[in-house]
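Trainee: This one is structure_23.cif, mmCIF, C-alpha atoms.
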```cif
data_input
#
loop_
_atom_site.label_atom_id
_atom_site.label_comp_id
_atom_site.auth_asym_id
_atom_site.auth_seq_id
_atom_site.Cartn_x
_atom_site.Cartn_y
_atom_site.Cartn_z
CA MET A 4 179.62 85.62 39.06
CA THR A 5 176.37 85.26 37.23
CA THR A 6 173.16 86.95 38.32
CA PHE A 7 171.75 83.61 39.43
CA ALA A 8 174.82 82.96 41.58
CA ARG A 9 174.57 86.45 43.17
CA VAL A 10 170.89 85.92 44.03
CA ALA A 11 171.61 82.45 45.41
CA PHE A 12 174.50 83.80 47.55
CA THR A 13 172.35 86.65 48.89
CA LEU A 14 169.50 84.26 49.74
CA PHE A 15 171.97 81.96 51.48
CA LEU A 16 173.26 84.83 53.63
CA LEU A 17 169.76 86.07 54.47
CA GLY A 18 168.57 82.54 55.29
CA GLY A 19 171.56 81.95 57.54
CA ALA A 20 170.98 85.25 59.35
CA ALA A 21 167.29 84.48 59.80
CA LEU A 22 168.08 81.00 61.13
CA ALA A 23 170.63 82.39 63.60
CA LEU A 24 168.17 85.05 64.77
CA SER A 25 165.36 82.53 65.27
CA GLN A 26 167.65 80.24 67.27
CA GLN A 27 168.62 83.18 69.48
CA THR A 28 164.97 84.15 69.98
CA LEU A 29 163.98 80.60 70.86
CA GLY A 30 166.80 80.49 73.38
CA GLN A 31 165.41 83.62 75.11
CA GLN A 32 161.85 82.27 75.48
CA PRO A 33 160.86 81.12 78.98
CA GLU A 34 160.43 77.47 79.60
CA ARG A 35 157.01 76.06 78.90
CA GLN A 36 154.73 76.16 81.97
CA ASP A 37 153.37 72.74 82.90
CA GLU A 38 152.49 73.21 86.58
CA PHE A 39 150.69 75.65 88.94
CA VAL A 40 152.74 78.64 90.05
CA PRO A 41 151.45 80.74 92.99
CA VAL A 42 150.92 84.42 92.26
CA SER A 43 153.58 85.31 94.85
CA GLU A 44 156.22 83.36 92.87
CA LEU A 45 155.57 85.01 89.51
CA PRO A 46 158.42 87.05 87.98
CA PRO A 47 158.22 90.79 88.75
CA THR A 48 157.16 91.60 85.16
CA GLU A 49 154.00 89.53 85.58
CA GLN A 50 153.11 90.70 89.08
CA MET A 51 150.49 93.37 89.73
CA PRO A 52 151.46 96.33 91.94
CA ALA A 53 149.45 96.31 95.18
CA ALA A 54 149.67 100.01 96.05
CA PRO A 55 147.15 101.33 93.48
CA LEU A 56 144.61 98.69 94.55
CA LEU A 57 145.15 99.47 98.24
CA VAL A 58 144.95 103.23 97.79
CA GLY A 59 141.95 102.84 95.48
CA ALA A 60 140.09 100.75 98.07
CA TYR A 61 140.71 103.19 100.94
CA VAL A 62 139.92 106.28 98.85
CA PHE A 63 136.70 104.69 97.60
CA VAL A 64 135.54 103.80 101.15
CA LEU A 65 136.33 107.21 102.63
CA VAL A 66 134.86 109.18 99.72
CA ALA A 67 131.70 107.02 99.63
CA LEU A 68 131.16 107.42 103.39
CA PHE A 69 131.80 111.18 103.20
CA VAL A 70 129.36 111.60 100.30
CA TYR A 71 126.71 109.55 102.12
CA VAL A 72 127.10 111.55 105.36
CA LEU A 73 126.78 114.81 103.38
CA SER A 74 123.74 113.43 101.54
CA ILE A 75 121.89 112.38 104.67
CA ALA A 76 122.76 115.63 106.49
CA ARG A 77 121.42 117.62 103.52
CA ARG A 78 118.21 115.55 103.45
CA VAL A 79 117.65 115.96 107.20
CA GLY A 80 118.22 119.71 106.89
CA ALA A 81 115.81 120.04 103.97
CA VAL A 82 113.06 118.10 105.77
CA GLN A 83 113.50 120.17 108.96
CA GLN A 84 113.29 123.41 106.97
CA GLU A 85 110.13 122.23 105.23
CA VAL A 86 108.58 121.18 108.57
CA ALA A 87 109.36 124.61 110.07
CA ARG A 88 107.94 126.39 107.01
CA LEU A 89 104.68 124.40 107.05
CA GLU A 90 104.26 124.79 110.82
CA GLY A 91 104.69 128.54 110.41
CA GLU A 92 102.13 128.71 107.61
CA ILE A 93 99.61 126.61 109.56
CA LYS A 94 100.03 128.85 112.61
CA ALA A 95 99.64 131.98 110.46
CA ARG A 96 96.52 130.57 108.87
CA ALA A 97 95.06 129.70 112.29
CA ARG A 98 95.59 133.29 113.50
CA SER A 99 93.93 134.86 110.44
CA MET B 6 119.59 114.97 117.60
CA PRO B 7 120.23 113.30 121.00
CA LYS B 8 122.84 114.84 123.32
CA TRP B 9 125.27 111.98 122.81
CA PHE B 10 125.25 112.40 119.03
CA THR B 11 127.80 115.21 118.64
CA PRO B 12 130.49 113.78 120.99
CA LEU B 13 130.16 110.37 119.37
CA ALA B 14 130.29 111.89 115.89
CA LEU B 15 133.53 113.68 116.82
CA LEU B 16 134.95 110.46 118.26
CA CYS B 17 133.96 108.56 115.12
CA GLY B 18 135.60 111.17 112.88
CA ALA B 19 138.78 111.00 114.96
CA MET B 20 138.82 107.20 114.76
CA PHE B 21 138.51 107.28 110.97
CA ALA B 22 141.25 109.93 110.78
CA VAL B 23 143.61 107.82 112.91
CA SER B 24 142.76 104.44 111.37
CA PRO B 25 145.08 104.75 108.31
CA LEU B 26 148.04 105.36 110.66
CA ILE B 27 147.18 102.31 112.78
CA ILE B 28 146.72 100.19 109.66
CA ALA B 29 150.01 101.43 108.18
CA ASN B 30 151.81 100.34 111.37
CA ALA B 31 150.26 96.85 111.29
CA PRO B 32 152.67 94.13 110.09
CA TYR B 33 152.61 92.82 106.54
CA GLU B 34 150.90 89.49 106.00
CA SER B 35 153.52 86.99 104.78
CA THR B 36 151.90 85.73 101.56
CA MET B 37 149.79 88.64 100.34
CA GLY B 38 151.94 91.57 101.47
CA LEU B 39 150.67 95.14 101.12
CA VAL B 40 147.32 94.38 99.50
CA GLN B 41 146.19 92.42 102.57
CA LYS B 42 145.73 95.77 104.36
CA ILE B 43 142.51 96.28 102.38
CA PHE B 44 141.12 93.69 104.83
CA TYR B 45 141.05 96.29 107.66
CA TYR B 46 138.27 98.23 105.91
CA HIS B 47 136.78 95.36 103.90
CA MET B 48 135.87 93.15 106.83
CA PRO B 49 134.26 95.85 109.05
CA SER B 50 132.25 96.95 105.99
CA ALA B 51 131.13 93.35 105.49
CA TRP B 52 130.14 93.02 109.16
CA MET B 53 128.10 96.24 109.01
CA PHE B 54 126.52 94.99 105.78
CA LEU B 55 125.38 91.81 107.56
CA LEU B 56 124.36 93.75 110.69
CA GLY B 57 122.24 96.08 108.55
CA ALA B 58 120.47 93.14 106.92
CA ILE B 59 119.77 91.59 110.36
CA VAL B 60 118.45 94.87 111.83
CA CYS B 61 116.30 95.41 108.73
CA GLY B 62 114.94 91.85 108.94
CA ILE B 63 114.13 91.99 112.67
CA ALA B 64 112.50 95.45 112.39
CA SER B 65 110.49 94.24 109.38
CA ALA B 66 109.32 91.16 111.26
CA ARG B 67 108.22 93.35 114.18
CA TYR B 68 106.47 95.72 111.76
CA LEU B 69 104.61 92.82 110.14
CA ALA B 70 103.64 91.49 113.58
CA THR B 71 102.61 94.78 115.21
CA GLY B 72 102.01 97.26 112.38
CA ASP B 73 103.98 99.87 114.35
CA ASP B 74 105.45 102.49 111.97
CA ARG B 75 108.52 102.98 114.16
CA HIS B 76 109.74 99.50 113.23
CA ASP B 77 109.12 100.25 109.57
CA ARG B 78 111.25 103.39 109.81
CA THR B 79 114.02 101.41 111.52
CA ALA B 80 113.88 98.80 108.75
CA LEU B 81 114.07 101.45 106.03
CA SER B 82 117.07 103.12 107.69
CA ALA B 83 118.84 99.78 108.09
CA ALA B 84 118.13 98.84 104.46
CA GLU B 85 119.81 101.99 103.18
CA LEU B 86 122.87 101.31 105.36
CA THR B 87 122.92 97.69 104.15
CA VAL B 88 123.16 98.96 100.57
CA LEU B 89 125.89 101.45 101.53
CA PHE B 90 128.10 99.00 103.45
CA GLY B 91 127.35 96.21 100.97
CA LEU B 92 128.64 98.44 98.19
CA LEU B 93 131.83 99.11 100.15
CA THR B 94 132.28 95.37 100.69
CA LEU B 95 131.64 94.47 97.07
CA VAL B 96 134.10 97.09 95.80
CA THR B 97 136.97 96.57 98.27
CA GLY B 98 136.78 92.76 98.04
CA PRO B 99 137.44 92.58 94.28
CA LEU B 100 140.28 95.13 94.60
CA TRP B 101 141.94 92.78 97.09
CA ALA B 102 141.08 89.71 94.99
CA ARG B 103 142.67 91.16 91.84
CA ARG B 104 146.05 90.94 93.52
CA ALA B 105 145.49 87.91 95.75
CA TRP B 106 143.52 85.69 93.35
CA GLY B 107 144.53 87.19 90.01
CA THR B 108 140.94 88.11 89.16
CA PHE B 109 138.41 90.69 90.29
CA TRP B 110 135.51 88.28 90.63
CA VAL B 111 134.77 84.59 91.09
CA TRP B 112 131.29 83.11 91.32
CA ASP B 113 131.97 81.23 94.54
CA ALA B 114 129.48 80.79 97.41
CA ARG B 115 130.64 83.71 99.61
CA VAL B 116 130.95 86.31 96.88
CA THR B 117 127.76 85.29 95.09
CA SER B 118 125.62 85.10 98.25
CA SER B 119 126.93 88.54 99.30
CA LEU B 120 125.92 89.96 95.92
CA VAL B 121 122.46 88.38 96.27
CA GLY B 122 122.08 89.89 99.78
CA TRP B 123 123.06 93.30 98.45
CA LEU B 124 120.62 93.01 95.54
CA VAL B 125 117.80 92.09 97.96
CA SER B 126 118.50 95.30 99.91
CA CYS B 127 118.54 97.30 96.68
CA ALA B 128 115.20 95.69 95.75
CA TYR B 129 113.82 96.69 99.18
CA LEU B 130 114.74 100.36 98.61
CA ILE B 131 113.40 100.36 95.02
CA LEU B 132 110.16 98.82 96.24
CA ARG B 133 109.82 101.44 98.98
CA LYS B 134 110.51 104.29 96.57
CA TYR B 135 108.38 103.22 93.61
CA GLY B 136 106.02 100.57 95.04
CA GLY B 137 103.26 103.01 95.98
CA PRO B 138 100.82 102.63 98.89
CA GLY B 139 101.01 99.30 100.69
CA SER B 140 104.54 98.54 99.53
CA GLU B 141 105.77 98.70 103.16
CA ARG B 142 104.44 95.24 103.97
CA LEU B 143 105.71 93.73 100.73
CA ALA B 144 109.14 95.27 101.33
CA ALA B 145 109.09 93.97 104.92
CA ALA B 146 108.55 90.44 103.62
CA LEU B 147 111.46 90.93 101.21
CA ALA B 148 113.66 92.05 104.12
CA LEU B 149 112.98 88.71 105.84
CA PHE B 150 114.56 86.96 102.83
CA GLY B 151 117.49 89.35 103.07
CA MET B 152 117.97 88.43 106.73
CA ALA B 153 117.61 84.70 106.00
CA ASN B 154 120.51 85.04 103.54
CA VAL B 155 122.90 86.32 106.25
CA PRO B 156 123.76 82.92 107.82
CA PHE B 157 124.40 81.52 104.34
CA ILE B 158 126.83 84.35 103.62
CA TYR B 159 128.64 83.80 106.91
CA ILE B 160 128.99 80.00 106.83
CA SER B 161 129.43 79.69 103.05
CA VAL B 162 133.21 79.73 103.35
CA ASN B 163 133.15 76.82 105.79
CA TYR B 164 130.68 74.53 104.00
CA TRP B 165 131.29 75.11 100.28
CA ARG B 166 134.45 74.88 98.24
CA THR B 167 135.67 78.45 97.91
CA ILE B 168 138.91 80.40 97.62
CA HIS B 169 137.66 83.12 100.00
CA PRO B 170 139.46 83.09 103.40
CA PRO B 171 137.45 81.14 106.02
CA THR B 172 135.84 82.53 109.20
CA THR B 173 138.67 81.05 111.28
CA VAL B 174 141.08 83.80 110.17
CA VAL B 175 139.88 86.51 112.58
CA PRO B 176 140.03 84.52 115.87
CA THR B 177 143.59 83.39 115.08
CA LEU B 178 144.99 86.86 114.33
CA GLN B 179 147.91 88.08 116.40
CA PHE B 180 147.37 91.21 118.51
CA SER B 181 149.44 93.33 116.11
CA MET B 182 146.91 92.60 113.34
CA GLY B 183 143.85 91.97 115.54
CA PHE B 184 144.01 95.38 117.25
CA PRO B 185 143.87 97.44 114.01
CA LEU B 186 141.02 95.23 112.81
CA MET B 187 138.99 95.65 116.01
CA PHE B 188 139.74 99.40 116.01
CA CYS B 189 138.28 99.65 112.51
CA VAL B 190 135.31 97.45 113.49
CA ALA B 191 134.61 99.84 116.41
CA ALA B 192 134.86 102.88 114.07
CA PHE B 193 132.52 101.31 111.53
CA LEU B 194 130.06 100.21 114.24
CA LEU B 195 130.00 103.71 115.69
CA LEU B 196 129.41 105.14 112.22
CA PHE B 197 126.61 102.62 111.67
CA ILE B 198 124.88 103.71 114.90
CA LEU B 199 125.28 107.41 114.05
CA LEU B 200 123.97 106.97 110.51
CA MET B 201 121.03 104.90 111.79
CA THR B 202 120.20 107.70 114.22
CA MET B 203 120.40 110.33 111.47
CA HIS B 204 118.32 108.28 109.05
CA LYS B 205 115.65 107.53 111.63
CA ARG B 206 115.44 111.25 112.34
CA LEU B 207 115.05 111.84 108.61
CA GLU B 208 112.20 109.33 108.41
CA GLU B 209 110.50 110.83 111.47
CA GLY B 210 110.79 114.27 109.85
CA ARG B 211 109.22 112.94 106.65
CA ARG B 212 106.37 111.40 108.62
CA ARG B 213 105.76 114.71 110.40
CA LEU B 214 105.94 116.49 107.05
CA ASP B 215 103.24 114.19 105.60
CA ALA B 216 101.01 114.92 108.62
CA LEU B 217 101.58 118.68 108.22
CA HIS B 218 100.74 118.54 104.51
CA LEU B 219 97.45 116.82 105.37
CA ALA B 220 96.71 119.43 108.05
CA PHE B 221 97.61 122.25 105.64
CA ASP B 222 95.31 120.88 102.90
CA GLU B 223 92.41 120.66 105.34
#
```
Represent the structure contained in this file as structure tokens.
Mentor:
Amino acid sequence: MTTFARVAFTLFLLGGAALALSQQTLGQQPERQDEFVPVSELPPTEQMPAAPLLVGAYVFVLVALFVYVLSIARRVGAVQQEVARLEGEIKARARS
Amino acid sequence: MPKWFTPLALLCGAMFAVSPLIIANAPYESTMGLVQKIFYYHMPSAWMFLLGAIVCGIASARYLATGDDRHDRTALSAAELTVLFGLLTLVTGPLWARRAWGTFWVWDARVTSSLVGWLVSCAYLILRKYGGPGSERLAAALALFGMANVPFIYISVNYWRTIHPPTTVVPTLQFSMGFPLMFCVAAFLLLFILLMTMHKRLEEGRRRLDALHLAFDE
């Protein structure tokens, strides 16, 4: 077998293998989508898990409310302390 | 604080502690499944957001009419709560929408008008903080626009083409889903009242502090 014949035979084998592989790959592809599909009917691989969104929403609400309650309680406390301090100083000044 | 404050605060805390259990026992909605349960916190937040804008608007109108500082303090307290509950609404809604609609955000009438209402409340607070003397009356006028936006937010789902669920959903809920919703609405309403009371006390303290500073300087 000449060198040319060996190269031609090798290319023939590789081309055949590539053709067979591409046919197999095409056969595995999903059918082309040409109509609306509701989210609930999507295959599991394309669906989004609901639990992280649900947990995220509830954690965000509870943490935000807790932080706000702490913030307003701290502000009320600070203002009351300042009022008491100033009242004390004004009284002390009035006595002296 | 008033005598009723502590018992109601304890009740409110207990209601929020129990609410996840009640929500977990509510049945699954047939088309959306688990993610629909975000609704039990999302909708009460949205109602408190609209209530805050209405309270702020009415108090501002009374302040503009009478010049009474008490109404101004009520409006300021309500504006801060409007921003808080609006934020909760605008965060929980997209988390639900990501699963239900496939996207976090759509520029439809309900979602956009809610964002505008929230931005008006933010503008009110920014104006009050950085507007300087006389900004109270300007902010009060802004609050009237915020209140005028509330009916648009509410009816937007009925009059414009939108993918947001309509207002007819709540009255048609079965008891097994309606009870957890109303329980959460009661918890959020109680929290709204308690936070309003705390914030008004804060504003009264600040007013007293300003008067004391003046007296101290003299």
Trainee: Could you expand the PyMOL selection byres ((chain B) within 10 of (chain A)) into the explicit residues it covers here, written as a ChimeraX atom specification?
Mentor: /B:21-22,25,36-47,50,86,89-90,92-94,96-107,196,199-200,203-218,220-222
Trainee: Which residue out of B:Pro156, B:Pro170, B:Gly18, B:Gly62 has the minimum interatomic distance to B:Ala144 when all atoms listed in the file are used?
Mentor: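 Comparing B:Pro156, B:Pro170, B:Gly18, B:Gly62 against B:Ala144, the winner is B:Gly62.
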Trainee: Quick one: which residues end up in the PyMOL selection byres ((chain B and resi 181) around 12) for this structure, as a ChimeraX atom specification?
Mentor: /B:27-34,177-180,182-188
Trainee: I need the chosen residues saved as a short mmCIF file (atom, residue, chain, number, x, y, z; two decimals), in the coordinates of the input, with C-alpha atoms.
Mentor:
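Output (result_4.cif):
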```cif
data_model
loop_
_atom_site.label_atom_id
_atom_site.label_comp_id
_atom_site.auth_asym_id
_atom_site.auth_seq_id
_atom_site.Cartn_x
_atom_site.Cartn_y
_atom_site.Cartn_z
CA ILE B 27 147.18 102.31 112.78
CA ILE B 28 146.72 100.19 109.66
CA ALA B 29 150.01 101.43 108.18
CA ASN B 30 151.81 100.34 111.37
CA ALA B 31 150.26 96.85 111.29
CA PRO B 32 152.67 94.13 110.09
CA TYR B 33 152.61 92.82 106.54
CA GLU B 34 150.90 89.49 106.00
CA THR B 177 143.59 83.39 115.08
CA LEU B 178 144.99 86.86 114.33
CA GLN B 179 147.91 88.08 116.40
CA PHE B 180 147.37 91.21 118.51
CA MET B 182 146.91 92.60 113.34
CA GLY B 183 143.85 91.97 115.54
CA PHE B 184 144.01 95.38 117.25
CA PRO B 185 143.87 97.44 114.01
CA LEU B 186 141.02 95.23 112.81
CA MET B 187 138.99 95.65 116.01
CA PHE B 188 139.74 99.40 116.01
#
```
Trainee: Listed atoms of stretch 146-164 of chain B, axis-aligned box, 8 Å per side: centre and edge lengths to one decimal in Å, as AutoDock Vina command-line options?
Mentor:
```
--center_x 120.9 --center_y 83.3 --center_z 104.5 --size_x 40.7 --size_y 33.5 --size_z 22.6
```
Trainee: Which residues, written as a PyMOL selection string, have at least one atom at most 12 Å from stretch 134-142 of chain B, with all atoms listed in the file counted and residues fewer than 5 positions away on the same chain left out?
Mentor: chain B and resi 64-74+76-78+80-81+85+127-129+147-149
Trainee: If I take atom CA of B:Met20 and atom CA of B:Ala191, how far is one from the other in Å, to one decimal?
Mentor: 8.6 Å
Trainee: Report the distance between atom CA of B:Leu195 and atom CA of B:Pro176 in Å, rounded to one decimal place.
Mentor: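 Atom CA of B:Leu195 sits 21.7 Å away from atom CA of B:Pro176.
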Trainee: Around the point (131.9, 72.6, 96.6), in the coordinates given by the file, pick out the residues reaching within 12 Å, counting only C-alpha atoms, and return them as a tab-separated table (two decimals) with C-alpha atoms, in the coordinates of the input.
Mentor:
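Contents of selection.tsv, freshly written:
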```
chain	number	residue	atom	x	y	z
B	112	TRP	CA	131.29	83.11	91.32
B	113	ASP	CA	131.97	81.23	94.54
B	114	ALA	CA	129.48	80.79	97.41
B	115	ARG	CA	130.64	83.71	99.61
B	161	SER	CA	129.43	79.69	103.05
B	162	VAL	CA	133.21	79.73	103.35
B	163	ASN	CA	133.15	76.82	105.79
B	164	TYR	CA	130.68	74.53	104.00
B	165	TRP	CA	131.29	75.11	100.28
B	166	ARG	CA	134.45	74.88	98.24
B	167	THR	CA	135.67	78.45	97.91
B	168	ILE	CA	138.91	80.40	97.62
```
Trainee: Which residues fall under the PyMOL selection byres ((chain B and resi 125) around 10) in this file, as a list in words?
Mentor: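 Selection result, ordered by chain and number: Ala58, Ala84, Thr87, Val88, Ser119, Leu120, Val121, Gly122, Trp123, Leu124, Ser126, Cys127, Ala128, Tyr129, Leu130, Ile131, Ala144, Leu147, Ala148, Leu149, Phe150, Gly151, Met152 and Asn154 of chain B.
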Trainee: Measure the distance from atom CA of B:Ala83 to atom CA of B:Ser24 in Å and round it to one decimal.
Mentor: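 If I compute the distance from atom CA of B:Ala83 to atom CA of B:Ser24, I get 24.6 Å.
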